[in-house]
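Visitor: I'm passing along protein_28.tsv; it holds TSV, C-alpha atoms.
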```
chain	number	residue	atom	x	y	z
X	14	MET	CA	190.02	85.44	123.55
X	15	THR	CA	186.59	86.88	124.22
X	16	ALA	CA	183.51	85.79	122.33
X	17	ALA	CA	183.40	89.11	120.52
X	18	GLY	CA	187.05	88.83	119.61
X	19	SER	CA	186.55	85.36	118.16
X	20	GLY	CA	183.74	86.58	115.91
X	21	ALA	CA	181.09	84.68	117.85
X	22	ALA	CA	179.16	87.89	118.43
X	23	ALA	CA	178.20	87.82	114.75
X	24	GLN	CA	175.90	84.97	115.81
X	25	VAL	CA	174.04	87.35	118.13
X	26	THR	CA	171.10	89.51	117.09
X	27	GLY	CA	170.64	92.66	119.15
X	28	LEU	CA	167.16	93.84	120.11
X	29	ILE	CA	166.37	97.29	121.45
X	30	LEU	CA	163.18	97.21	123.54
X	31	ALA	CA	161.24	100.37	122.72
X	32	GLY	CA	157.69	99.06	122.82
X	33	GLY	CA	156.50	100.47	126.13
X	34	GLN	CA	153.92	103.12	126.88
X	35	GLY	CA	156.29	105.53	128.62
X	36	ARG	CA	153.73	106.22	131.33
X	37	ARG	CA	156.23	107.73	133.77
X	38	MET	CA	157.47	109.95	130.94
X	39	GLY	CA	153.99	111.34	130.41
X	40	GLY	CA	152.92	108.76	127.84
X	41	VAL	CA	155.39	109.82	125.16
X	42	ASP	CA	157.26	107.29	123.06
X	43	LYS	CA	160.27	107.11	125.35
X	44	GLY	CA	162.63	105.66	122.78
X	45	LEU	CA	162.25	108.82	120.69
X	46	VAL	CA	162.83	111.29	123.54
X	47	ASP	CA	165.68	113.69	122.76
X	48	PHE	CA	168.94	113.04	124.57
X	49	GLY	CA	171.66	115.50	123.66
X	50	GLY	CA	170.46	116.00	120.10
X	51	GLU	CA	169.66	112.35	119.38
X	52	SER	CA	166.89	110.02	120.44
X	53	LEU	CA	167.50	107.69	123.34
X	54	THR	CA	167.19	104.77	120.93
X	55	ALA	CA	169.82	106.24	118.61
X	56	ARG	CA	172.21	106.51	121.56
X	57	VAL	CA	171.56	102.90	122.57
X	58	LEU	CA	171.97	101.76	118.97
X	59	ALA	CA	175.37	103.45	118.68
X	60	ARG	CA	176.64	101.42	121.64
X	61	LEU	CA	174.92	98.16	120.71
X	62	ARG	CA	175.59	97.95	116.96
X	63	PRO	CA	179.37	97.26	117.19
X	64	GLN	CA	178.74	94.37	119.58
X	65	VAL	CA	176.39	92.20	117.50
X	66	GLY	CA	175.81	90.98	113.98
X	67	THR	CA	172.46	92.69	113.37
X	68	VAL	CA	170.08	94.90	115.36
X	69	LEU	CA	166.28	94.88	115.53
X	70	ILE	CA	164.08	97.46	117.22
X	71	ASN	CA	160.92	96.41	119.04
X	72	ALA	CA	158.42	99.27	118.84
X	73	ASN	CA	154.64	99.59	118.86
X	74	ARG	CA	154.40	103.23	117.75
X	75	HIS	CA	156.14	105.46	115.19
X	76	ALA	CA	157.60	102.55	113.23
X	77	ASP	CA	158.70	104.89	110.45
X	78	ARG	CA	160.81	107.00	112.79
X	79	TYR	CA	162.49	103.95	114.25
X	80	ALA	CA	163.06	102.48	110.79
X	81	ALA	CA	164.91	105.67	109.86
X	82	LEU	CA	167.65	104.50	112.24
X	83	GLY	CA	168.44	101.76	109.72
X	84	CYS	CA	167.15	98.69	111.56
X	85	PRO	CA	164.15	96.42	111.02
X	86	VAL	CA	161.27	97.33	113.34
X	87	ILE	CA	159.13	94.60	114.89
X	88	PRO	CA	156.01	95.16	117.01
X	89	ASP	CA	154.70	93.01	119.83
X	90	ALA	CA	152.52	90.14	118.68
X	91	LEU	CA	150.23	90.88	121.64
X	92	GLY	CA	148.22	94.07	122.05
X	93	ASP	CA	147.77	96.41	125.01
X	94	TYR	CA	151.50	96.84	125.76
X	95	PRO	CA	152.04	93.65	127.76
X	96	GLY	CA	155.62	94.54	128.72
X	97	PRO	CA	159.19	93.63	127.83
X	98	LEU	CA	158.59	89.89	127.65
X	99	ALA	CA	156.37	90.49	124.62
X	100	GLY	CA	159.20	92.40	122.98
X	101	MET	CA	161.60	89.58	123.76
X	102	ALA	CA	159.15	87.10	122.22
X	103	ALA	CA	158.93	89.19	119.05
X	104	GLY	CA	162.72	89.34	118.88
X	105	LEU	CA	163.14	85.59	119.36
X	106	ALA	CA	160.62	84.96	116.59
X	107	ALA	CA	162.41	87.34	114.21
X	108	ALA	CA	166.05	86.50	114.99
X	109	GLN	CA	168.02	84.39	112.54
X	110	THR	CA	170.91	83.75	114.93
X	111	GLU	CA	171.39	81.34	117.82
X	112	TRP	CA	171.36	84.13	120.38
X	113	LEU	CA	169.32	87.29	121.02
X	114	LEU	CA	170.72	90.11	123.15
X	115	THR	CA	168.04	92.46	124.52
X	116	VAL	CA	168.61	95.94	125.90
X	117	PRO	CA	166.15	98.70	126.89
X	118	CYS	CA	165.84	101.89	124.89
X	119	ASP	CA	166.24	104.05	127.98
X	120	SER	CA	169.77	103.04	129.03
X	121	PRO	CA	172.02	105.04	126.67
X	122	LEU	CA	175.27	104.24	128.53
X	123	LEU	CA	175.12	100.45	128.28
X	124	PRO	CA	178.49	98.64	128.52
X	125	ALA	CA	180.50	98.41	125.32
X	126	ASP	CA	181.40	94.82	126.21
X	127	LEU	CA	177.93	93.72	127.28
X	128	CYS	CA	177.54	91.12	124.56
X	129	ALA	CA	181.03	89.66	124.92
X	130	ARG	CA	180.78	89.20	128.66
X	131	LEU	CA	177.29	87.71	128.62
X	132	LEU	CA	178.12	85.40	125.73
X	133	ASP	CA	181.41	84.21	127.22
X	134	ALA	CA	179.64	83.37	130.48
X	135	ALA	CA	176.70	81.66	128.78
X	136	LEU	CA	178.97	79.47	126.66
X	137	ALA	CA	181.22	78.61	129.59
X	138	GLU	CA	178.28	77.53	131.75
X	139	ASP	CA	176.01	76.10	129.04
X	140	ALA	CA	173.31	78.57	130.02
X	141	GLU	CA	170.15	79.30	128.09
X	142	ILE	CA	169.82	82.80	129.51
X	143	ALA	CA	172.45	85.21	130.86
X	144	ILE	CA	171.44	88.48	132.50
X	145	ALA	CA	173.51	91.37	133.79
X	146	THR	CA	173.81	92.45	137.40
X	147	ASP	CA	175.42	95.67	138.61
X	148	GLY	CA	176.65	94.21	141.87
X	149	ALA	CA	173.53	95.29	143.75
X	150	ARG	CA	170.63	94.08	141.64
X	151	ALA	CA	169.83	92.15	138.51
X	152	HIS	CA	168.83	93.80	135.25
X	153	PRO	CA	166.84	91.11	133.42
X	154	VAL	CA	166.08	93.28	130.39
X	155	PHE	CA	169.84	93.20	129.66
X	156	ALA	CA	169.55	89.58	128.63
X	157	LEU	CA	171.19	87.11	126.30
X	158	LEU	CA	168.65	84.47	125.25
X	159	ARG	CA	168.92	81.33	123.17
X	160	ARG	CA	166.60	81.52	120.19
X	161	SER	CA	165.39	77.99	120.99
X	162	LEU	CA	163.44	79.50	123.92
X	163	ALA	CA	160.93	81.17	121.57
X	164	GLY	CA	158.25	78.50	122.04
X	165	SER	CA	158.62	78.50	125.81
X	166	LEU	CA	158.17	82.25	126.01
X	167	GLU	CA	155.18	82.27	123.67
X	168	ALA	CA	153.49	79.62	125.84
X	169	PHE	CA	154.27	81.57	129.01
X	170	LEU	CA	152.70	84.74	127.56
X	171	ALA	CA	149.70	82.78	126.29
X	172	GLY	CA	149.06	81.83	129.91
X	173	ASP	CA	148.71	85.55	130.71
X	174	GLU	CA	152.04	85.57	132.56
X	175	ARG	CA	154.18	88.72	132.49
X	176	LYS	CA	156.90	88.37	135.15
X	177	ILE	CA	160.31	88.29	133.49
X	178	LEU	CA	162.24	86.45	136.19
X	179	ARG	CA	159.45	83.92	136.68
X	180	TRP	CA	159.84	82.82	133.08
X	181	MET	CA	163.62	83.03	133.06
X	182	GLY	CA	163.81	80.96	136.23
X	183	ARG	CA	162.33	78.00	134.35
X	184	HIS	CA	165.49	77.75	132.26
X	185	ARG	CA	169.25	77.53	132.74
X	186	LEU	CA	169.75	81.08	133.94
X	187	ILE	CA	172.98	82.72	135.06
X	188	GLU	CA	173.74	86.20	136.35
X	189	VAL	CA	176.85	87.95	135.07
X	190	SER	CA	178.42	90.62	137.25
X	191	PHE	CA	179.11	94.09	135.89
X	192	ALA	CA	179.90	95.42	139.35
X	193	ASP	CA	182.92	97.18	137.84
X	194	CYS	CA	180.64	99.53	135.86
X	195	PRO	CA	177.26	99.88	137.63
X	196	ARG	CA	176.65	103.37	136.24
X	197	ARG	CA	176.38	101.87	132.77
X	198	PHE	CA	172.94	100.55	133.66
X	199	VAL	CA	171.33	103.86	134.59
X	200	ASN	CA	167.96	104.22	132.91
X	201	VAL	CA	165.63	107.11	132.19
X	202	ASN	CA	162.02	106.75	133.30
X	203	THR	CA	160.96	110.33	134.09
X	204	PRO	CA	161.72	113.84	132.81
X	205	ALA	CA	163.65	114.50	136.02
X	206	GLU	CA	165.85	111.44	135.47
X	207	LEU	CA	166.43	112.54	131.89
X	208	ALA	CA	167.52	116.01	133.01
X	209	ALA	CA	169.81	114.53	135.66
X	210	LEU	CA	171.52	112.28	133.13
X	211	VAL	CA	171.96	115.14	130.66
X	212	ASP	CA	173.62	117.15	133.42
X	213	ARG	CA	175.84	114.22	134.31
X	214	MET	CA	176.91	113.80	130.70
X	215	ALA	CA	177.75	117.49	130.49
X	216	GLN	CA	180.26	116.93	133.33
X	217	ASP	CA	181.48	113.55	132.07
X	218	PRO	CA	180.73	112.88	128.38
X	219	ASP	CA	181.57	109.19	128.75
X	220	GLY	CA	179.11	108.88	131.62
X	221	GLY	CA	180.70	105.78	133.09
```
Just dump the structure as structure tokens.
Guide:
Amino acid sequence: MTAAGSGAAAQVTGLILAGGQGRRMGGVDKGLVDFGGESLTARVLARLRPQVGTVLINANRHADRYAALGCPVIPDALGDYPGPLAGMAAGLAAAQTEWLLTVPCDSPLLPADLCARLLDAALAEDAEIAIATDGARAHPVFALLRRSLAGSLEAFLAGDERKILRWMGRHRLIEVSFADCPRRFVNVNTPAELAALVDRMAQDPDGG
């Protein structure tokens, strides 16, 4: 039985990382960019919510618009948009569960079994962190993190460190293959990439 099937996923808090500056998208709040009539974050939320017990949204702008999606909104504790590690730190501090599953706001096709597969692997290997790979490269923002790592990450950020894999490599880290569904990890960084994904979805609504 998978972790999700056993109910273990209820012990996972989901976190949507929407706290970036969206520089390659022209500085707009990327998580609120329209994608087929909904925001990118709303699309991510629809795929993430069934997989976890609760969902938080990490955002540094437009908190009211994110809150309208029905989830608590938490900002970075650090200013000047220090990157996804700051969002992860905010999520670890806010989570009430043993595990935190982080996903970016710009990947609206994320796997429907992301949590189950990462959690099963982490439990089987006694890992502290499990990240997804698509068979070609790792995607460290698709990460399952033990809440007990909160202090370690805060100390790392306090040292003015920002590299995700440098911090993760200090802990029991495993990579979990999703080579069977690499297209699920497509992300949207630019208006051209957004248009291309909209066109793709018009041809294949599932997108996988």
Visitor: For stretch 103-165 of chain X against stretch 66-74 of chain X, with a cut-off of 12 Å and counting only C-alpha atoms, what is the closest atom pair and its distance in Å to one decimal for every residue that makes the cut, ordered by chain and number, as JSON lines?
Guide:
```
{"residue": "X:Ala103", "atom": "CA", "partner": "X:Asn71", "partner_atom": "CA", "distance": 7.5}
{"residue": "X:Gly104", "atom": "CA", "partner": "X:Asn71", "partner_atom": "CA", "distance": 7.3}
{"residue": "X:Leu105", "atom": "CA", "partner": "X:Leu69", "partner_atom": "CA", "distance": 10.5}
{"residue": "X:Ala106", "atom": "CA", "partner": "X:Leu69", "partner_atom": "CA", "distance": 11.5}
{"residue": "X:Ala107", "atom": "CA", "partner": "X:Leu69", "partner_atom": "CA", "distance": 8.6}
{"residue": "X:Ala108", "atom": "CA", "partner": "X:Leu69", "partner_atom": "CA", "distance": 8.4}
{"residue": "X:Gln109", "atom": "CA", "partner": "X:Thr67", "partner_atom": "CA", "distance": 9.4}
{"residue": "X:Thr110", "atom": "CA", "partner": "X:Gly66", "partner_atom": "CA", "distance": 8.8}
{"residue": "X:Glu111", "atom": "CA", "partner": "X:Gly66", "partner_atom": "CA", "distance": 11.3}
{"residue": "X:Trp112", "atom": "CA", "partner": "X:Gly66", "partner_atom": "CA", "distance": 10.4}
{"residue": "X:Leu113", "atom": "CA", "partner": "X:Val68", "partner_atom": "CA", "distance": 9.5}
{"residue": "X:Leu114", "atom": "CA", "partner": "X:Val68", "partner_atom": "CA", "distance": 9.2}
{"residue": "X:Thr115", "atom": "CA", "partner": "X:Leu69", "partner_atom": "CA", "distance": 9.5}
{"residue": "X:Val116", "atom": "CA", "partner": "X:Ile70", "partner_atom": "CA", "distance": 9.9}
{"residue": "X:Pro117", "atom": "CA", "partner": "X:Asn71", "partner_atom": "CA", "distance": 9.7}
{"residue": "X:Cys118", "atom": "CA", "partner": "X:Ile70", "partner_atom": "CA", "distance": 9.0}
{"residue": "X:Cys128", "atom": "CA", "partner": "X:Gly66", "partner_atom": "CA", "distance": 10.7}
```
Visitor: Go ahead and write the residues just picked, C-alpha atoms, as a PDB file, in the frame of the given file.
Guide:
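out00.pdb was written with the following content:
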```
ATOM      1  CA  ALA X 103     158.930  89.190 119.050  1.00  0.00           C
ATOM      2  CA  GLY X 104     162.720  89.340 118.880  1.00  0.00           C
ATOM      3  CA  LEU X 105     163.140  85.590 119.360  1.00  0.00           C
ATOM      4  CA  ALA X 106     160.620  84.960 116.590  1.00  0.00           C
ATOM      5  CA  ALA X 107     162.410  87.340 114.210  1.00  0.00           C
ATOM      6  CA  ALA X 108     166.050  86.500 114.990  1.00  0.00           C
ATOM      7  CA  GLN X 109     168.020  84.390 112.540  1.00  0.00           C
ATOM      8  CA  THR X 110     170.910  83.750 114.930  1.00  0.00           C
ATOM      9  CA  GLU X 111     171.390  81.340 117.820  1.00  0.00           C
ATOM     10  CA  TRP X 112     171.360  84.130 120.380  1.00  0.00           C
ATOM     11  CA  LEU X 113     169.320  87.290 121.020  1.00  0.00           C
ATOM     12  CA  LEU X 114     170.720  90.110 123.150  1.00  0.00           C
ATOM     13  CA  THR X 115     168.040  92.460 124.520  1.00  0.00           C
ATOM     14  CA  VAL X 116     168.610  95.940 125.900  1.00  0.00           C
ATOM     15  CA  PRO X 117     166.150  98.700 126.890  1.00  0.00           C
ATOM     16  CA  CYS X 118     165.840 101.890 124.890  1.00  0.00           C
ATOM     17  CA  CYS X 128     177.540  91.120 124.560  1.00  0.00           C
TER      18      CYS X 128
END
```
Visitor: Considering all atoms listed in the file, state which residue in the set X:Ala145, X:Gly32, X:Ile177, X:Met101 is at the smallest distance from X:Leu162.
Guide: X:Met101
Visitor: Grab the atom CA of X:Asp139 to atom CA of X:Leu157 distance for me, in Å with one decimal place.
Guide: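 Rounded to one decimal, the two atoms are 12.3 Å apart.
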Visitor: Between atom CA of X:Asp47 and atom CA of X:Val25, what distance in Å does the model show, to one decimal?
Guide: 28.0 Å
Visitor: With a distance cut-off of 9 Å and all atoms listed in the file, select the neighbouring residues of X:Leu210, excluding the residue or stretch itself and same-chain residues fewer than 3 positions from it, and output the selection as a PDB file with C-alpha atoms, in the coordinates of the input.
Guide:
```pdb
ATOM      1  CA  PHE X  48     168.940 113.040 124.570  1.00  0.00           C
ATOM      2  CA  VAL X 199     171.330 103.860 134.590  1.00  0.00           C
ATOM      3  CA  ASN X 200     167.960 104.220 132.910  1.00  0.00           C
ATOM      4  CA  VAL X 201     165.630 107.110 132.190  1.00  0.00           C
ATOM      5  CA  ALA X 205     163.650 114.500 136.020  1.00  0.00           C
ATOM      6  CA  GLU X 206     165.850 111.440 135.470  1.00  0.00           C
ATOM      7  CA  LEU X 207     166.430 112.540 131.890  1.00  0.00           C
ATOM      8  CA  ARG X 213     175.840 114.220 134.310  1.00  0.00           C
ATOM      9  CA  MET X 214     176.910 113.800 130.700  1.00  0.00           C
ATOM     10  CA  ALA X 215     177.750 117.490 130.490  1.00  0.00           C
ATOM     11  CA  GLY X 220     179.110 108.880 131.620  1.00  0.00           C
TER      12      GLY X 220
END
```
Visitor: Enter the distance from atom CA of X:Pro204 to atom CA of X:Leu61, in Å, rounded to one decimal.
Guide: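 Separation of atom CA of X:Pro204 and atom CA of X:Leu61: 23.8 Å.
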Visitor: Any idea what's packed within 8 Å of X:Glu188, counting all atoms listed in the file, ignoring anything in its chain fewer than 4 positions away? Could you give it as a compact mmCIF listing (two decimals) with C-alpha atoms, in the frame of the given file?
Guide:
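Once written, selection35.txt looks like this:
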```
# COMPACT_ATOMS: atom_id res chain seq x y z
CA ALA X 143 172.45 85.21 130.86
CA ILE X 144 171.44 88.48 132.50
CA ALA X 145 173.51 91.37 133.79
CA THR X 146 173.81 92.45 137.40
CA ALA X 151 169.83 92.15 138.51
```
Visitor: Counting only C-alpha atoms, which residue out of X:Asp89, X:His75, X:Asp133, X:Ala168 sits closest to X:Gly20?
Guide: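 Using only C-alpha atoms, the shortest distance to X:Gly20 belongs to X:Asp133.
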Visitor: Counting all atoms listed in the file, figure out which residue out of X:Glu174, X:Asp193, X:Asp219, X:Asp212 gets nearest to X:Gly96.
Guide: X:Glu174
Visitor: X:Ala90: which residues within 9 Å, counting all atoms listed in the file, same-chain residues fewer than 2 positions away excluded, as a list in words?
Guide: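 Everything that qualifies: Ile87, Pro88, Gly92, Ala99, Gly100, Ala102 and Ala103 of chain X.
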Visitor: May I ask which of the residues X:Leu123, X:Val189, X:Ala22, X:Met181 is the closest one to X:Val65, counting only C-alpha atoms?
Guide: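 Counting only C-alpha atoms, the residue closest to X:Val65 is X:Ala22.
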Visitor: Select, from X:Ala31, X:Val46, X:Met38, X:Leu170, the residue with the minimum atom-to-atom distance to X:Ala76, counting all atoms listed in the file.
Guide: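 Of all the options, X:Ala31 lies closest to X:Ala76.
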Visitor: Given all atoms listed in the file as the basis, pick out the residue of X:Ala125, X:Leu98, X:Ala134, X:Val211 nearest to X:Ala163.
Guide: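 Under the stated criterion, the closest residue is X:Leu98.
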